[in-house]
Every structure is written in C-alpha cells, then in structure tokens.
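A.B. asks: Sharing query-v7.txt (compact mmCIF, N, CA, C and O atoms) below.
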```
# COMPACT_ATOMS: atom_id res chain seq x y z
N MET A 1 10.68 1.37 2.15
CA MET A 1 9.45 1.17 1.41
C MET A 1 9.66 1.37 -0.08
O MET A 1 9.06 0.69 -0.88
N PHE A 2 10.54 2.29 -0.43
CA PHE A 2 10.82 2.50 -1.84
C PHE A 2 11.62 1.33 -2.41
O PHE A 2 11.68 1.15 -3.62
N ASP A 3 12.20 0.52 -1.55
CA ASP A 3 12.92 -0.68 -2.00
C ASP A 3 11.97 -1.69 -2.63
O ASP A 3 12.40 -2.57 -3.35
N LEU A 4 10.69 -1.58 -2.33
CA LEU A 4 9.71 -2.50 -2.91
C LEU A 4 9.49 -2.26 -4.40
O LEU A 4 9.07 -3.16 -5.11
N ILE A 5 9.76 -1.06 -4.87
CA ILE A 5 9.44 -0.70 -6.26
C ILE A 5 10.13 -1.61 -7.27
O ILE A 5 9.46 -2.18 -8.13
N PRO A 6 11.45 -1.80 -7.22
CA PRO A 6 12.08 -2.67 -8.22
C PRO A 6 11.55 -4.11 -8.17
O PRO A 6 11.38 -4.75 -9.20
N PHE A 7 11.27 -4.60 -6.96
CA PHE A 7 10.74 -5.96 -6.83
C PHE A 7 9.35 -6.07 -7.45
O PHE A 7 9.05 -7.00 -8.19
N ILE A 8 8.49 -5.10 -7.16
CA ILE A 8 7.13 -5.12 -7.69
C ILE A 8 7.14 -4.89 -9.20
O ILE A 8 6.30 -5.42 -9.92
N GLU A 9 8.10 -4.12 -9.70
CA GLU A 9 8.21 -3.96 -11.15
C GLU A 9 8.48 -5.30 -11.83
O GLU A 9 7.97 -5.57 -12.91
N LYS A 10 9.27 -6.15 -11.18
CA LYS A 10 9.58 -7.48 -11.74
C LYS A 10 8.46 -8.48 -11.51
O LYS A 10 8.35 -9.48 -12.22
N HIS A 11 7.64 -8.25 -10.49
CA HIS A 11 6.56 -9.18 -10.13
C HIS A 11 5.26 -8.38 -9.93
O HIS A 11 4.75 -8.26 -8.81
N PRO A 12 4.69 -7.82 -11.01
CA PRO A 12 3.54 -6.92 -10.87
C PRO A 12 2.27 -7.58 -10.35
O PRO A 12 1.34 -6.88 -9.94
N ASN A 13 2.24 -8.90 -10.32
CA ASN A 13 1.06 -9.58 -9.78
C ASN A 13 1.04 -9.56 -8.25
O ASN A 13 0.01 -9.81 -7.64
N LEU A 14 2.19 -9.25 -7.62
CA LEU A 14 2.28 -9.21 -6.16
C LEU A 14 1.95 -7.82 -5.64
O LEU A 14 2.06 -6.83 -6.36
N LEU A 15 1.60 -7.74 -4.38
CA LEU A 15 1.29 -6.49 -3.70
C LEU A 15 2.37 -6.24 -2.66
O LEU A 15 2.65 -7.10 -1.83
N GLY A 16 2.98 -5.08 -2.70
CA GLY A 16 3.99 -4.72 -1.71
C GLY A 16 3.35 -4.00 -0.54
O GLY A 16 2.57 -3.06 -0.74
N ILE A 17 3.66 -4.44 0.67
CA ILE A 17 3.14 -3.78 1.87
C ILE A 17 4.33 -3.44 2.76
O ILE A 17 4.98 -4.33 3.30
N GLY A 18 4.62 -2.16 2.88
CA GLY A 18 5.70 -1.69 3.73
C GLY A 18 5.12 -1.13 5.01
O GLY A 18 4.28 -0.24 4.98
N ILE A 19 5.56 -1.66 6.15
CA ILE A 19 5.01 -1.25 7.44
C ILE A 19 6.07 -0.48 8.20
O ILE A 19 7.14 -1.02 8.50
N ASN A 20 5.78 0.77 8.52
CA ASN A 20 6.72 1.63 9.22
C ASN A 20 6.82 1.25 10.70
O ASN A 20 5.97 0.52 11.22
N GLU A 21 7.85 1.75 11.35
CA GLU A 21 8.05 1.48 12.78
C GLU A 21 6.85 1.96 13.59
O GLU A 21 6.17 2.91 13.21
N ALA A 22 6.59 1.30 14.70
CA ALA A 22 5.50 1.63 15.62
C ALA A 22 4.13 1.54 14.95
O ALA A 22 3.19 2.23 15.33
N THR A 23 4.04 0.69 13.92
CA THR A 23 2.80 0.54 13.16
C THR A 23 2.61 -0.94 12.85
O THR A 23 3.57 -1.70 12.76
N ALA A 24 1.36 -1.34 12.67
CA ALA A 24 1.05 -2.73 12.33
C ALA A 24 -0.22 -2.76 11.49
O ALA A 24 -0.92 -1.75 11.37
N ILE A 25 -0.50 -3.92 10.91
CA ILE A 25 -1.79 -4.13 10.25
C ILE A 25 -2.47 -5.31 10.95
O ILE A 25 -1.82 -6.26 11.36
N VAL A 26 -3.79 -5.20 11.07
CA VAL A 26 -4.60 -6.29 11.61
C VAL A 26 -5.43 -6.82 10.44
O VAL A 26 -6.21 -6.07 9.85
N VAL A 27 -5.21 -8.09 10.11
CA VAL A 27 -5.85 -8.69 8.94
C VAL A 27 -7.06 -9.51 9.38
O VAL A 27 -6.97 -10.33 10.29
N HIS A 28 -8.18 -9.25 8.71
CA HIS A 28 -9.42 -10.01 8.90
C HIS A 28 -9.90 -10.42 7.52
O HIS A 28 -10.38 -9.57 6.76
N GLY A 29 -9.76 -11.68 7.17
CA GLY A 29 -10.17 -12.13 5.84
C GLY A 29 -9.36 -11.45 4.76
O GLY A 29 -8.14 -11.52 4.76
N ASN A 30 -10.03 -10.74 3.87
CA ASN A 30 -9.37 -10.06 2.77
C ASN A 30 -9.09 -8.58 3.05
O ASN A 30 -8.73 -7.85 2.14
N GLU A 31 -9.30 -8.15 4.28
CA GLU A 31 -9.10 -6.74 4.62
C GLU A 31 -8.11 -6.59 5.74
O GLU A 31 -7.94 -7.48 6.56
N PHE A 32 -7.43 -5.43 5.76
CA PHE A 32 -6.62 -5.10 6.93
C PHE A 32 -6.88 -3.67 7.36
O PHE A 32 -7.33 -2.84 6.58
N GLU A 33 -6.61 -3.42 8.64
CA GLU A 33 -6.72 -2.09 9.22
C GLU A 33 -5.35 -1.71 9.76
O GLU A 33 -4.65 -2.53 10.36
N VAL A 34 -4.98 -0.45 9.57
CA VAL A 34 -3.70 0.06 10.06
C VAL A 34 -3.89 0.53 11.50
O VAL A 34 -4.84 1.24 11.82
N ILE A 35 -2.98 0.11 12.37
CA ILE A 35 -2.96 0.60 13.75
C ILE A 35 -1.55 1.08 14.05
O ILE A 35 -0.58 0.63 13.45
N GLY A 36 -1.46 2.04 14.96
CA GLY A 36 -0.15 2.51 15.38
C GLY A 36 0.08 3.97 15.05
O GLY A 36 -0.80 4.69 14.58
N ALA A 37 1.33 4.39 15.28
CA ALA A 37 1.69 5.80 15.23
C ALA A 37 2.07 6.32 13.85
O ALA A 37 2.08 7.51 13.62
N SER A 38 2.38 5.45 12.92
CA SER A 38 2.89 5.92 11.64
C SER A 38 2.00 5.46 10.49
O SER A 38 0.79 5.58 10.56
N TYR A 39 2.58 4.90 9.43
CA TYR A 39 1.80 4.57 8.25
C TYR A 39 2.27 3.28 7.60
O TYR A 39 3.33 2.74 7.91
N VAL A 40 1.44 2.80 6.66
CA VAL A 40 1.72 1.63 5.84
C VAL A 40 1.72 2.09 4.39
O VAL A 40 0.87 2.89 3.99
N ALA A 41 2.68 1.62 3.61
CA ALA A 41 2.77 1.98 2.20
C ALA A 41 2.38 0.77 1.35
O ALA A 41 2.90 -0.32 1.55
N ILE A 42 1.45 0.97 0.44
CA ILE A 42 1.00 -0.07 -0.48
C ILE A 42 1.62 0.20 -1.85
O ILE A 42 1.45 1.28 -2.39
N THR A 43 2.32 -0.79 -2.38
CA THR A 43 2.92 -0.69 -3.71
C THR A 43 2.20 -1.69 -4.60
O THR A 43 2.33 -2.89 -4.42
N ASP A 44 1.42 -1.17 -5.57
CA ASP A 44 0.57 -2.01 -6.42
C ASP A 44 0.81 -1.67 -7.88
O ASP A 44 0.32 -0.66 -8.38
N ALA A 45 1.55 -2.50 -8.59
CA ALA A 45 1.89 -2.25 -10.00
C ALA A 45 0.65 -2.24 -10.89
O ALA A 45 0.68 -1.62 -11.95
N ARG A 46 -0.42 -2.87 -10.48
CA ARG A 46 -1.64 -2.87 -11.29
C ARG A 46 -2.26 -1.48 -11.40
O ARG A 46 -3.02 -1.21 -12.31
N LYS A 47 -1.93 -0.60 -10.46
CA LYS A 47 -2.50 0.74 -10.43
C LYS A 47 -1.52 1.80 -10.93
O LYS A 47 -1.83 2.98 -10.95
N TRP A 48 -0.33 1.39 -11.32
CA TRP A 48 0.70 2.36 -11.67
C TRP A 48 0.38 3.12 -12.94
O TRP A 48 -0.11 2.57 -13.92
N GLU A 49 0.71 4.39 -12.90
CA GLU A 49 0.66 5.22 -14.09
C GLU A 49 2.02 5.12 -14.77
O GLU A 49 3.04 5.04 -14.10
N PRO A 50 2.06 5.12 -16.08
CA PRO A 50 3.35 5.03 -16.76
C PRO A 50 4.16 6.31 -16.59
O PRO A 50 3.61 7.38 -16.38
N GLY A 51 5.49 6.16 -16.63
CA GLY A 51 6.35 7.32 -16.72
C GLY A 51 7.11 7.74 -15.49
O GLY A 51 7.81 8.74 -15.53
N ALA A 52 6.99 7.05 -14.37
CA ALA A 52 7.79 7.45 -13.21
C ALA A 52 9.25 7.16 -13.51
O ALA A 52 9.62 6.07 -13.89
N ALA A 53 10.08 8.17 -13.35
CA ALA A 53 11.49 8.04 -13.72
C ALA A 53 12.34 7.42 -12.63
O ALA A 53 13.36 6.83 -12.91
N SER A 54 11.92 7.56 -11.39
CA SER A 54 12.75 7.07 -10.28
C SER A 54 11.86 6.78 -9.08
O SER A 54 10.71 7.22 -9.04
N PRO A 55 12.40 6.08 -8.07
CA PRO A 55 11.61 5.86 -6.85
C PRO A 55 11.14 7.15 -6.20
O PRO A 55 10.10 7.20 -5.58
N ASN A 56 11.90 8.24 -6.35
CA ASN A 56 11.48 9.52 -5.77
C ASN A 56 10.23 10.04 -6.44
O ASN A 56 9.48 10.81 -5.87
N ASP A 57 9.97 9.65 -7.66
CA ASP A 57 8.79 10.03 -8.41
C ASP A 57 7.58 9.15 -8.07
O ASP A 57 6.47 9.47 -8.42
N ALA A 58 7.82 8.05 -7.40
CA ALA A 58 6.82 6.99 -7.25
C ALA A 58 5.50 7.46 -6.67
O ALA A 58 4.45 7.16 -7.21
N ALA A 59 5.53 8.18 -5.56
CA ALA A 59 4.28 8.58 -4.92
C ALA A 59 3.49 9.53 -5.81
O ALA A 59 2.27 9.53 -5.79
N HIS A 60 4.18 10.31 -6.63
CA HIS A 60 3.52 11.28 -7.49
C HIS A 60 2.95 10.63 -8.75
O HIS A 60 2.17 11.23 -9.45
N LYS A 61 3.34 9.43 -9.04
CA LYS A 61 2.87 8.74 -10.23
C LYS A 61 1.89 7.62 -9.89
O LYS A 61 1.64 6.74 -10.69
N GLY A 62 1.36 7.62 -8.69
CA GLY A 62 0.37 6.63 -8.31
C GLY A 62 0.96 5.26 -8.03
O GLY A 62 0.26 4.26 -8.10
N LYS A 63 2.24 5.19 -7.69
CA LYS A 63 2.86 3.89 -7.43
C LYS A 63 2.73 3.46 -5.98
O LYS A 63 2.82 2.29 -5.69
N ILE A 64 2.59 4.40 -5.07
CA ILE A 64 2.54 4.06 -3.66
C ILE A 64 1.38 4.81 -3.01
O ILE A 64 1.18 5.99 -3.24
N TYR A 65 0.61 4.08 -2.19
CA TYR A 65 -0.46 4.67 -1.41
C TYR A 65 -0.06 4.59 0.06
O TYR A 65 0.42 3.55 0.51
N PHE A 66 -0.26 5.67 0.80
CA PHE A 66 0.08 5.71 2.21
C PHE A 66 -1.19 5.70 3.03
O PHE A 66 -2.08 6.53 2.81
N LEU A 67 -1.28 4.75 3.98
CA LEU A 67 -2.45 4.63 4.84
C LEU A 67 -2.02 4.83 6.29
O LEU A 67 -1.01 4.28 6.73
N GLY A 68 -2.81 5.60 7.02
CA GLY A 68 -2.53 5.87 8.42
C GLY A 68 -3.46 5.12 9.35
O GLY A 68 -4.33 4.34 8.92
N HIS A 69 -3.29 5.40 10.64
CA HIS A 69 -4.07 4.73 11.69
C HIS A 69 -5.56 4.78 11.38
O HIS A 69 -6.11 5.83 11.06
N GLY A 70 -6.21 3.63 11.46
CA GLY A 70 -7.65 3.53 11.25
C GLY A 70 -8.07 3.31 9.81
O GLY A 70 -9.21 2.96 9.55
N GLN A 71 -7.15 3.52 8.87
CA GLN A 71 -7.51 3.29 7.48
C GLN A 71 -7.48 1.80 7.18
O GLN A 71 -6.75 1.04 7.81
N ARG A 72 -8.30 1.40 6.20
CA ARG A 72 -8.44 -0.01 5.86
C ARG A 72 -8.17 -0.22 4.38
O ARG A 72 -8.33 0.68 3.57
N TYR A 73 -7.81 -1.48 4.05
CA TYR A 73 -7.48 -1.83 2.67
C TYR A 73 -8.05 -3.20 2.36
O TYR A 73 -7.95 -4.12 3.17
N ASP A 74 -8.66 -3.34 1.18
CA ASP A 74 -9.20 -4.62 0.72
C ASP A 74 -8.13 -5.30 -0.14
O ASP A 74 -7.80 -4.82 -1.22
N LEU A 75 -7.58 -6.39 0.36
CA LEU A 75 -6.50 -7.10 -0.32
C LEU A 75 -6.97 -7.79 -1.60
O LEU A 75 -6.20 -7.92 -2.55
N ALA A 76 -8.20 -8.24 -1.64
CA ALA A 76 -8.71 -8.94 -2.82
C ALA A 76 -9.02 -7.96 -3.96
O ALA A 76 -8.66 -8.19 -5.11
N LYS A 77 -9.67 -6.85 -3.62
CA LYS A 77 -10.05 -5.85 -4.63
C LYS A 77 -8.95 -4.82 -4.87
O LYS A 77 -9.01 -4.07 -5.83
N ARG A 78 -7.98 -4.77 -3.95
CA ARG A 78 -6.87 -3.81 -4.01
C ARG A 78 -7.37 -2.37 -4.05
O ARG A 78 -7.00 -1.58 -4.92
N VAL A 79 -8.21 -2.05 -3.07
CA VAL A 79 -8.73 -0.69 -2.94
C VAL A 79 -8.71 -0.27 -1.48
O VAL A 79 -8.81 -1.10 -0.57
N ILE A 80 -8.59 1.04 -1.27
CA ILE A 80 -8.66 1.61 0.07
C ILE A 80 -10.13 1.67 0.48
O ILE A 80 -10.99 2.08 -0.31
N LEU A 81 -10.42 1.25 1.69
CA LEU A 81 -11.79 1.25 2.22
C LEU A 81 -11.97 2.42 3.18
O LEU A 81 -10.99 2.96 3.70
N PRO A 82 -13.21 2.80 3.45
CA PRO A 82 -13.44 3.86 4.43
C PRO A 82 -12.90 3.45 5.81
O PRO A 82 -12.95 2.28 6.18
N ALA A 83 -12.38 4.43 6.54
CA ALA A 83 -11.87 4.16 7.89
C ALA A 83 -13.02 3.78 8.81
O ALA A 83 -14.15 4.21 8.63
N VAL A 84 -12.71 2.98 9.81
CA VAL A 84 -13.69 2.57 10.81
C VAL A 84 -13.81 3.67 11.85
O VAL A 84 -12.81 4.16 12.36
N ARG A 85 -15.04 4.08 12.14
CA ARG A 85 -15.26 5.09 13.19
C ARG A 85 -15.48 4.38 14.50
O ARG A 85 -16.30 3.49 14.60
N ARG A 86 -14.73 4.81 15.50
CA ARG A 86 -14.86 4.18 16.82
C ARG A 86 -15.11 5.21 17.86
O ARG A 86 -14.73 6.27 17.87
```
If you took the structure in this file and wrote it as structure tokens, what would it be?
C.D. replies:
Amino acid sequence: MFDLIPFIEKHPNLLGIGINEATAIVVHGNEFEVIGASYVAITDARKWEPGAASPNDAAHKGKIYFLGHGQRYDLAKRVILPAVRR
C-alpha cells in the first residue's frame, strides 16, 4: 500500500486504493463499502499535508486513510462516509 505513494505523488489527480488480503470493496455508483477481515488504504494527494519525509511518515501526515469493514467512501467527493448500520 505504501508503494502507491510515489505513483500518486507523480499523478496527484488519481486516487490510490490499496485492498488488503481477505478484504474487498463493493462499489455502488460513486461510493464503496469495505467488506472483509482487514482494511482498505486510500491514498489521496489532494488531502496531503506538506512535509512527509518518507512513506513511513505517510499515515501521520494525512497521506493515507485506513477504512475497515462496514466503512464507506465517496469516490466523487473523496470523503469518508458514515458506516452502514445493519
């Protein structure tokens, strides 16, 4: 997932979505929901804070968002949505 950082740095208009093992996203229109045992990492250069020195710094500088089972994300607005209660 940290491999997405250099690519997104070169192409900041794109959104990086890293999907961990035993996890998936279900896409409906402009939104997706995370399902499975682990997490999804969102790499969005539009939200980055300046000054991260390395990929290890990335999560602490607002470069990567981690979403777990039941969490949702709006692809058009690039924001985390409230989880669906079931």
A.B. asks: When DSSP is applied to the backbone of this structure, which of chain A are assigned strand (DSSP E or B)? Write them out as a PyMOL selection string.
C.D. replies: chain A and resi 15-19+23-28+31-36+39-44+64-68+72-74+79-81
A.B. asks: Please provide the set of residues having any atom within 6 Å of stretch 66-81 of chain A, restricted to only C-alpha atoms, with same-chain residues fewer than 5 positions apart removed, written as a PDB file with N, CA, C and O atoms, keeping the file's coordinate frame.
C.D. replies:
```
ATOM      1  N   ASN A  30     -10.030 -10.740   3.870  1.00  0.00           N
ATOM      2  CA  ASN A  30      -9.370 -10.060   2.770  1.00  0.00           C
ATOM      3  C   ASN A  30      -9.090  -8.580   3.050  1.00  0.00           C
ATOM      4  O   ASN A  30      -8.730  -7.850   2.140  1.00  0.00           O
ATOM      5  N   GLU A  31      -9.300  -8.150   4.280  1.00  0.00           N
ATOM      6  CA  GLU A  31      -9.100  -6.740   4.620  1.00  0.00           C
ATOM      7  C   GLU A  31      -8.110  -6.590   5.740  1.00  0.00           C
ATOM      8  O   GLU A  31      -7.940  -7.480   6.560  1.00  0.00           O
ATOM      9  N   PHE A  32      -7.430  -5.430   5.760  1.00  0.00           N
ATOM     10  CA  PHE A  32      -6.620  -5.100   6.930  1.00  0.00           C
ATOM     11  C   PHE A  32      -6.880  -3.670   7.360  1.00  0.00           C
ATOM     12  O   PHE A  32      -7.330  -2.840   6.580  1.00  0.00           O
ATOM     13  N   GLU A  33      -6.610  -3.420   8.640  1.00  0.00           N
ATOM     14  CA  GLU A  33      -6.720  -2.090   9.220  1.00  0.00           C
ATOM     15  C   GLU A  33      -5.350  -1.710   9.760  1.00  0.00           C
ATOM     16  O   GLU A  33      -4.650  -2.530  10.360  1.00  0.00           O
ATOM     17  N   VAL A  34      -4.980  -0.450   9.570  1.00  0.00           N
ATOM     18  CA  VAL A  34      -3.700   0.060  10.060  1.00  0.00           C
ATOM     19  C   VAL A  34      -3.890   0.530  11.500  1.00  0.00           C
ATOM     20  O   VAL A  34      -4.840   1.240  11.820  1.00  0.00           O
ATOM     21  N   ILE A  35      -2.980   0.110  12.370  1.00  0.00           N
ATOM     22  CA  ILE A  35      -2.960   0.600  13.750  1.00  0.00           C
ATOM     23  C   ILE A  35      -1.550   1.080  14.050  1.00  0.00           C
ATOM     24  O   ILE A  35      -0.580   0.630  13.450  1.00  0.00           O
ATOM     25  N   GLY A  36      -1.460   2.040  14.960  1.00  0.00           N
ATOM     26  CA  GLY A  36      -0.150   2.510  15.380  1.00  0.00           C
ATOM     27  C   GLY A  36       0.080   3.970  15.050  1.00  0.00           C
ATOM     28  O   GLY A  36      -0.800   4.690  14.580  1.00  0.00           O
ATOM     29  N   TYR A  39       2.580   4.900   9.430  1.00  0.00           N
ATOM     30  CA  TYR A  39       1.800   4.570   8.250  1.00  0.00           C
ATOM     31  C   TYR A  39       2.270   3.280   7.600  1.00  0.00           C
ATOM     32  O   TYR A  39       3.330   2.740   7.910  1.00  0.00           O
ATOM     33  N   VAL A  40       1.440   2.800   6.660  1.00  0.00           N
ATOM     34  CA  VAL A  40       1.720   1.630   5.840  1.00  0.00           C
ATOM     35  C   VAL A  40       1.720   2.090   4.390  1.00  0.00           C
ATOM     36  O   VAL A  40       0.870   2.890   3.990  1.00  0.00           O
ATOM     37  N   ALA A  41       2.680   1.620   3.610  1.00  0.00           N
ATOM     38  CA  ALA A  41       2.770   1.980   2.200  1.00  0.00           C
ATOM     39  C   ALA A  41       2.380   0.770   1.350  1.00  0.00           C
ATOM     40  O   ALA A  41       2.900  -0.320   1.550  1.00  0.00           O
TER      41      ALA A  41
END
```
A.B. asks: Quick one: pull the distance between atom N of A:Leu14 and atom O of A:Thr43, Å, one decimal.
C.D. replies: 7.1 Å
A.B. asks: Measuring atom to atom with all atoms listed in the file, identify which of A:Ala37, A:Ile42, A:Phe2, A:Glu9 is nearest to A:Glu21.
C.D. replies: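 Among the listed residues, the smallest separation from A:Glu21 belongs to A:Ala37.
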A.B. asks: So how far away is atom CA of A:Ala45 from atom CA of A:Asn13, in Å?
C.D. replies: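 We find that atom CA of A:Asn13 and atom CA of A:Ala45 lie 7.4 Å from each other.
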A.B. asks: Go ahead and fit an axis-aligned box to every listed atom of stretch 76-81 of chain A plus 8 Å each side, and pass me the centre and edge lengths in Å, one decimal, as JSON.
C.D. replies:
```
{"center_x": -9.4, "center_y": -3.0, "center_z": -1.1, "size_x": 21.1, "size_y": 27.9, "size_z": 25.5}
```
A.B. asks: Quick one, how far is atom C of A:Gly16 from atom N of A:Asp44?
C.D. replies: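 Separation of atom C of A:Gly16 and atom N of A:Asp44: 6.1 Å.
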A.B. asks: My list of candidates is A:Arg46, A:Ser38, A:Arg85, A:Ala24. Which is closest to A:Ile8 when distances are computed with only N, CA, C and O atoms?
C.D. replies: A:Arg46
